[in-house]
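Colleague: This is input36.cif (mmCIF, C-alpha atoms).
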```
data_input
loop_
_atom_site.label_atom_id
_atom_site.label_comp_id
_atom_site.auth_asym_id
_atom_site.auth_seq_id
_atom_site.Cartn_x
_atom_site.Cartn_y
_atom_site.Cartn_z
CA MET E 28 138.50 129.74 70.50
CA MET E 29 134.89 130.63 69.79
CA GLN E 30 133.98 130.70 66.13
CA SER E 31 132.20 133.84 65.00
CA GLN E 32 128.85 133.38 63.37
CA SER E 33 128.75 134.22 59.69
CA ALA E 34 126.42 137.01 58.66
CA PRO E 35 123.10 135.88 57.18
CA ARG E 36 123.02 135.86 53.41
CA GLU E 37 121.45 138.78 51.62
CA LEU E 38 117.80 138.49 50.71
CA VAL E 39 117.42 138.81 46.96
CA VAL E 40 114.54 140.92 45.66
CA ALA E 41 113.72 141.10 41.94
CA VAL E 42 112.22 144.42 40.89
CA PRO E 43 110.89 145.54 37.51
CA LYS E 44 112.55 148.28 35.51
CA GLY E 45 110.17 150.93 34.20
CA ARG E 46 107.26 153.00 35.45
CA VAL E 47 106.38 150.81 38.45
CA LEU E 48 109.86 151.34 39.88
CA ASP E 49 109.06 155.03 40.44
CA GLN E 50 106.00 154.11 42.51
CA LEU E 51 107.80 151.36 44.39
CA GLY E 52 110.29 153.56 46.25
CA PRO E 53 107.85 155.05 48.80
CA ARG E 54 106.44 151.61 49.59
CA LEU E 55 109.89 150.18 50.21
CA GLU E 56 110.81 153.16 52.38
CA ALA E 57 107.62 152.77 54.40
CA ALA E 58 108.57 149.12 54.98
CA GLY E 59 111.92 150.16 56.44
CA LEU E 60 114.01 149.53 53.34
CA ASP E 61 116.28 151.98 51.55
CA PRO E 62 115.27 152.40 47.89
CA ALA E 63 118.27 154.65 47.13
CA PRO E 64 120.35 151.86 45.52
CA LEU E 65 117.57 151.32 42.99
CA TYR E 66 117.70 154.92 41.82
CA ALA E 67 121.47 155.37 41.78
CA LYS E 68 122.82 156.28 38.35
CA GLY E 69 124.57 153.53 36.46
CA ARG E 70 123.90 150.45 34.36
CA GLU E 71 124.45 147.92 37.14
CA LEU E 72 121.65 145.34 37.22
CA ILE E 73 122.50 144.24 40.77
CA ARG E 74 122.09 146.88 43.48
CA VAL E 75 122.99 146.14 47.11
CA ASP E 76 121.73 147.63 50.36
CA ARG E 77 124.44 146.20 52.63
CA GLU E 78 123.09 147.80 55.80
CA ARG E 79 119.79 145.91 55.52
CA GLY E 80 121.14 142.84 53.79
CA ILE E 81 119.11 143.26 50.59
CA ARG E 82 120.32 142.53 47.07
CA TYR E 83 118.09 143.96 44.32
CA LEU E 84 117.97 142.57 40.79
CA LEU E 85 116.73 144.96 38.09
CA LEU E 86 114.80 142.93 35.52
CA LYS E 87 112.32 143.31 32.72
CA PRO E 88 108.84 143.05 34.28
CA ASP E 89 107.97 139.82 32.45
CA ASP E 90 111.11 138.13 33.78
CA VAL E 91 110.63 138.81 37.50
CA PRO E 92 108.49 135.70 38.26
CA THR E 93 111.00 133.42 36.51
CA TRP E 94 113.87 134.55 38.76
CA VAL E 95 111.67 134.06 41.84
CA GLU E 96 110.20 130.70 40.83
CA TYR E 97 113.63 129.19 40.17
CA GLY E 98 115.09 130.52 43.42
CA ALA E 99 117.47 133.10 41.96
CA ALA E 100 115.45 135.67 43.97
CA ASP E 101 113.57 135.24 47.23
CA LEU E 102 110.96 137.92 46.53
CA GLY E 103 109.81 139.86 43.50
CA ILE E 104 107.54 142.71 42.48
CA VAL E 105 105.40 141.93 39.44
CA GLY E 106 102.21 143.02 37.75
CA ARG E 107 99.27 140.67 38.23
CA ASP E 108 98.88 140.56 34.45
CA VAL E 109 102.16 138.65 34.16
CA LEU E 110 100.97 136.10 36.70
CA LEU E 111 97.61 135.71 34.96
CA GLU E 112 99.22 135.28 31.55
CA ARG E 113 101.62 132.52 32.58
CA GLU E 114 101.39 129.84 35.26
CA TYR E 115 103.98 130.08 38.03
CA ASP E 116 104.48 128.12 41.23
CA LEU E 117 104.65 131.21 43.40
CA TYR E 118 103.07 132.57 46.55
CA ALA E 119 101.60 136.08 46.06
CA PRO E 120 100.88 137.33 49.58
CA VAL E 121 100.80 141.13 49.18
CA ASP E 122 99.02 143.46 46.77
CA LEU E 123 101.02 146.70 46.80
CA GLY E 124 98.23 148.72 45.20
CA ILE E 125 100.64 150.40 42.78
CA GLY E 126 100.82 150.21 38.99
CA ARG E 127 97.05 150.11 38.84
CA CYS E 128 95.37 149.66 35.47
CA ARG E 129 92.76 147.45 33.81
CA MET E 130 92.92 144.65 31.31
CA MET E 131 90.36 145.57 28.66
CA VAL E 132 88.91 144.55 25.34
CA CYS E 133 89.25 147.67 23.17
CA GLY E 134 88.37 148.67 19.65
CA LYS E 135 86.52 151.17 17.53
CA PRO E 136 83.53 152.72 19.35
CA GLY E 137 80.47 150.52 18.92
CA GLN E 138 82.46 147.50 17.68
CA PRO E 139 80.62 144.29 18.72
CA VAL E 140 82.69 142.15 21.07
CA ARG E 141 81.75 138.97 19.24
CA GLY E 142 81.86 137.83 15.64
CA GLU E 143 78.92 138.90 13.51
CA GLY E 144 77.04 136.60 11.17
CA GLY E 145 78.82 133.54 12.52
CA ARG E 146 82.24 135.05 11.78
CA THR E 147 85.03 134.42 14.26
CA LEU E 148 86.13 137.53 16.18
CA ARG E 149 89.74 138.43 15.44
CA VAL E 150 91.65 139.61 18.54
CA ALA E 151 95.16 141.08 18.56
CA THR E 152 97.07 140.95 21.85
CA LYS E 153 100.27 139.99 23.64
CA PHE E 154 98.14 138.49 26.43
CA MET E 155 97.15 135.35 24.56
CA ASN E 156 96.15 133.22 27.56
CA ILE E 157 94.21 135.98 29.32
CA ALA E 158 92.30 136.75 26.12
CA ALA E 159 91.63 133.08 25.39
CA ARG E 160 90.20 132.47 28.89
CA HIS E 161 88.05 135.61 28.77
CA PHE E 162 86.38 134.84 25.46
CA ARG E 163 86.09 131.13 26.22
CA GLU E 164 84.16 131.95 29.42
CA LYS E 165 81.87 134.19 27.37
CA GLY E 166 81.36 131.52 24.73
CA VAL E 167 82.78 133.73 21.97
CA ALA E 168 84.80 132.08 19.20
CA VAL E 169 87.99 134.02 18.53
CA GLU E 170 91.09 133.96 16.38
CA LEU E 171 93.99 135.24 18.45
CA ILE E 172 96.80 137.17 16.75
CA TYR E 173 99.98 137.70 18.76
CA VAL E 174 101.18 141.33 18.63
CA GLN E 175 104.04 142.47 20.85
CA GLY E 176 103.66 146.26 20.51
CA SER E 177 101.67 149.07 18.86
CA VAL E 178 98.62 146.86 19.29
CA GLU E 179 96.32 149.85 18.74
CA LEU E 180 97.13 149.66 15.04
CA ALA E 181 95.38 146.30 14.68
CA PRO E 182 91.75 147.55 14.49
CA LEU E 183 92.81 150.56 12.41
CA THR E 184 94.47 148.49 9.69
CA GLY E 185 92.06 145.55 9.57
CA LEU E 186 94.47 143.11 11.21
CA ALA E 187 91.93 142.45 13.97
CA ASP E 188 88.47 143.47 15.10
CA VAL E 189 89.47 144.25 18.68
CA ILE E 190 92.50 144.17 20.95
CA VAL E 191 93.10 142.99 24.51
CA ASP E 192 95.53 145.25 26.35
CA LEU E 193 96.31 147.08 29.56
CA VAL E 194 94.61 150.46 29.91
CA GLU E 195 95.82 153.02 32.43
CA THR E 196 94.55 156.45 31.35
CA GLY E 197 93.09 155.58 27.95
CA GLU E 198 94.96 158.46 26.27
CA THR E 199 96.65 156.26 23.67
CA LEU E 200 93.31 154.66 22.80
CA ARG E 201 91.61 158.04 22.35
CA ALA E 202 94.50 159.39 20.28
CA ASN E 203 93.97 156.50 17.86
CA GLY E 204 90.17 156.67 17.74
CA LEU E 205 89.65 153.62 19.95
CA SER E 206 87.80 153.11 23.21
CA PRO E 207 87.45 150.50 25.96
CA LEU E 208 84.66 148.06 25.09
CA GLU E 209 84.68 145.46 27.84
CA PRO E 210 86.57 145.00 31.12
CA ILE E 211 88.43 141.79 31.86
CA CYS E 212 90.12 142.35 35.23
CA GLU E 213 91.82 144.86 37.51
CA ILE E 214 95.62 144.83 37.53
CA SER E 215 98.13 146.03 40.12
CA SER E 216 101.62 145.11 41.31
CA VAL E 217 101.99 142.30 43.84
CA VAL E 218 104.80 140.80 45.88
CA VAL E 219 105.62 137.20 44.96
CA ALA E 220 107.71 134.84 47.05
CA ASN E 221 109.68 131.73 46.30
CA ARG E 222 108.03 128.92 48.27
CA ALA E 223 111.30 127.38 49.49
CA SER E 224 112.68 130.77 50.55
CA LEU E 225 109.49 131.50 52.45
CA LYS E 226 110.05 128.36 54.54
CA LEU E 227 113.81 128.68 55.02
CA GLU E 228 113.88 132.44 55.63
CA ARG E 229 110.45 132.88 57.25
CA GLU E 230 111.82 134.81 60.24
CA ARG E 231 113.23 137.46 57.92
CA ILE E 232 110.68 137.41 55.11
CA ALA E 233 107.42 137.30 57.08
CA PRO E 234 108.00 140.62 58.95
CA LEU E 235 109.05 142.27 55.69
CA LEU E 236 105.87 141.11 53.96
CA GLU E 237 103.81 142.44 56.85
CA ARG E 238 105.46 145.86 56.54
CA LEU E 239 104.98 145.89 52.77
CA ALA E 240 101.30 145.01 53.25
CA ALA E 241 100.73 147.93 55.64
CA ARG E 242 99.46 151.06 53.90
CA GLY E 243 99.36 154.61 55.10
#
```
What would the structure in this file look like if it were written as structure tokens?
Modeller:
Amino acid sequence: MMQSQSAPRELVVAVPKGRVLDQLGPRLEAAGLDPAPLYAKGRELIRVDRERGIRYLLLKPDDVPTWVEYGAADLGIVGRDVLLEREYDLYAPVDLGIGRCRMMVCGKPGQPVRGEGGRTLRVATKFMNIAARHFREKGVAVELIYVQGSVELAPLTGLADVIVDLVETGETLRANGLSPLEPICEISSVVVANRASLKLERERIAPLLERLAARG
């Protein structure tokens, strides 16, 4: 008797919960995938597209690269800010061009972006490594203060002179009397791939990456 071949395993794709997920659907659909499982109501964190052999993991954005790096997911969608903040052994072959924003130094209008009179500049941020690299390259001495949320309060309360944060529209800054002072880098969402998966599943992953890279 001839033995039937087993079906190939599902490709596992880690996707971020939140605002980027809304923008991701059209890109997945254009690449021949069905985003419907991602938007189905329910609290399930694993969503399966059985017809196309895709298993989606719904994760917090900061956790996506960890699942991919350790092989729990083959591919992932993640903001470039997460990759810049922490070092991962990942291949990032496709910029999706969604979730666009800028990493900026922000503060009160006219605030110098360096310490005055020899004083160290105090910077509040959750992006400690990005901020440290930026000011180190500029030769500015800083004291970094880790703040997880409501970072706009830091210059208003005297906790810090400036902040380093993501800026999309700038509305929150304006509402709190702050403004962008200095750009650091452009941010968007990229596709990351596990290096082992890329070798073992190249015949399936490479065409998918090509379709995700195609725009329009």
Colleague: For Arg46 in chain E, which of E:Val169, E:Ser216, E:Val189, E:Ala67 is the closest residue, counting only C-alpha atoms?
Modeller: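 Counting only C-alpha atoms, the residue closest to Arg46 in chain E is E:Ser216.
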Colleague: Taking (91.6, 146.4, 18.3) in the file's coordinates as the center, which residues reach within 8 Å of it, counting all atoms listed in the file, put as a list in words?
Modeller: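 Residues with an atom close enough to that point: Val132, Cys133, Gly134, Lys135, Val150, Ala151, Val178, Glu179, Leu180, Ala181, Pro182, Leu183, Ala187, Asp188, Val189, Ile190, Val191 and Leu205 of chain E.
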Colleague: Got a sec to resolve the PyMOL selection byres ((chain E and resi 166) around 12) on this structure and send the residues as a PyMOL selection string?
Modeller: chain E and resi 140-142+147-148+159-165+167-169
Colleague: So, counting all atoms listed in the file, which residue among E:Val174, E:Ile125, E:Leu110, E:Leu60 is closest to Ser215 in chain E?
Modeller: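 For Ser215 in chain E, the nearest of the given residues is E:Ile125.
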Colleague: I need the residue nearest Cys128 in chain E from this list: E:Ile211, E:Ala100, E:Ala240, E:Leu225. Use only C-alpha atoms for the distance.
Modeller: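 When distances to Cys128 in chain E are compared using only C-alpha atoms, the smallest one comes from E:Ile211.
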Colleague: Could I get the residues of range 140-232 of chain E with an atom no further than 12 Å from an atom of range 115-118 of chain E, each paired with its nearest atom pair and that distance in Å to one decimal, using all atoms listed in the file, sorted by chain and residue number, as JSON lines?
Modeller:
```
{"residue": "E:Val217", "atom": "CA", "partner": "E:Tyr118", "partner_atom": "CA", "distance": 10.2}
{"residue": "E:Val218", "atom": "CA", "partner": "E:Tyr118", "partner_atom": "CA", "distance": 8.4}
{"residue": "E:Val219", "atom": "CA", "partner": "E:Tyr118", "partner_atom": "CA", "distance": 5.5}
{"residue": "E:Ala220", "atom": "CA", "partner": "E:Tyr118", "partner_atom": "CA", "distance": 5.2}
{"residue": "E:Asn221", "atom": "CA", "partner": "E:Leu117", "partner_atom": "CA", "distance": 5.8}
{"residue": "E:Arg222", "atom": "CA", "partner": "E:Leu117", "partner_atom": "CA", "distance": 6.4}
{"residue": "E:Ala223", "atom": "CA", "partner": "E:Leu117", "partner_atom": "CA", "distance": 9.8}
{"residue": "E:Ser224", "atom": "CA", "partner": "E:Tyr118", "partner_atom": "CA", "distance": 10.6}
{"residue": "E:Leu225", "atom": "CA", "partner": "E:Tyr118", "partner_atom": "CA", "distance": 8.8}
{"residue": "E:Lys226", "atom": "CA", "partner": "E:Tyr118", "partner_atom": "CA", "distance": 11.4}
```
Colleague: Applying the PyMOL selection byres ((chain E and resi 74) around 12) to the file I just gave you, which residues come out? Please list them as a list in words.
Modeller: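 Evaluating the PyMOL selection byres ((chain E and resi 74) around 12) on this file yields Glu37, Leu38, Val39, Val40, Ala41, Val42, Asp61, Pro62, Ala63, Pro64, Leu65, Tyr66, Ala67, Lys68, Gly69, Arg70, Glu71, Leu72, Ile73, Val75, Asp76, Arg77, Gly80, Ile81, Arg82, Tyr83, Leu84, Leu85 and Leu86 of chain E.
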Colleague: Any chance you can output those residues with C-alpha atoms as a tab-separated table (two decimals), in the coordinates of the input?
Modeller:
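Produced file again_38.tsv, reproduced below:
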```tsv
chain	number	residue	atom	x	y	z
E	37	GLU	CA	121.45	138.78	51.62
E	38	LEU	CA	117.80	138.49	50.71
E	39	VAL	CA	117.42	138.81	46.96
E	40	VAL	CA	114.54	140.92	45.66
E	41	ALA	CA	113.72	141.10	41.94
E	42	VAL	CA	112.22	144.42	40.89
E	61	ASP	CA	116.28	151.98	51.55
E	62	PRO	CA	115.27	152.40	47.89
E	63	ALA	CA	118.27	154.65	47.13
E	64	PRO	CA	120.35	151.86	45.52
E	65	LEU	CA	117.57	151.32	42.99
E	66	TYR	CA	117.70	154.92	41.82
E	67	ALA	CA	121.47	155.37	41.78
E	68	LYS	CA	122.82	156.28	38.35
E	69	GLY	CA	124.57	153.53	36.46
E	70	ARG	CA	123.90	150.45	34.36
E	71	GLU	CA	124.45	147.92	37.14
E	72	LEU	CA	121.65	145.34	37.22
E	73	ILE	CA	122.50	144.24	40.77
E	75	VAL	CA	122.99	146.14	47.11
E	76	ASP	CA	121.73	147.63	50.36
E	77	ARG	CA	124.44	146.20	52.63
E	80	GLY	CA	121.14	142.84	53.79
E	81	ILE	CA	119.11	143.26	50.59
E	82	ARG	CA	120.32	142.53	47.07
E	83	TYR	CA	118.09	143.96	44.32
E	84	LEU	CA	117.97	142.57	40.79
E	85	LEU	CA	116.73	144.96	38.09
E	86	LEU	CA	114.80	142.93	35.52
```
Colleague: Hey, which of E:Gly176, E:Pro92, E:Gly144, E:Gly204 ends up closest to Ala119 in chain E? Count all atoms listed in the file.
Modeller: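 Of all the options, E:Pro92 lies closest to Ala119 in chain E.
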Colleague: What is the distance, in Å and to one decimal place, between CA of Asp192 in chain E and CA of Thr152 in chain E?
Modeller: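 Between these atoms lies a distance of 6.4 Å.
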Colleague: Find, counting all atoms listed in the file, the residue in E:Thr93, E:Leu193, E:Gly185, E:Met155 that gets nearest to Tyr173 in chain E.
Modeller: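 Between E:Thr93, E:Leu193, E:Gly185, E:Met155, the residue approaching Tyr173 in chain E most closely is E:Met155.
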Colleague: So what do you get for CA of Asp122 in chain E versus CA of Gln175 in chain E, distance-wise?
Modeller: 26.4 Å
Colleague: How many Å separate CA of Arg127 in chain E from CA of Gly59 in chain E?
Modeller: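 Computed distance, CA of Arg127 in chain E to CA of Gly59 in chain E, equals 23.0 Å.
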Colleague: From the options E:Gly45, E:Val95, E:Leu55, E:Pro35, which residue's atoms come nearest to Glu228 in chain E, counting all atoms listed in the file?
Modeller: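 Closest residue, counting all atoms listed in the file: E:Pro35.
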Colleague: Using all atoms listed in the file, which protein or nucleic acid residues come within 7 Å of Asp108 in chain E? Drop anything in the same chain fewer than 3 positions from it, and give the result as number ranges by chain.
Modeller: E: 111-112, 214
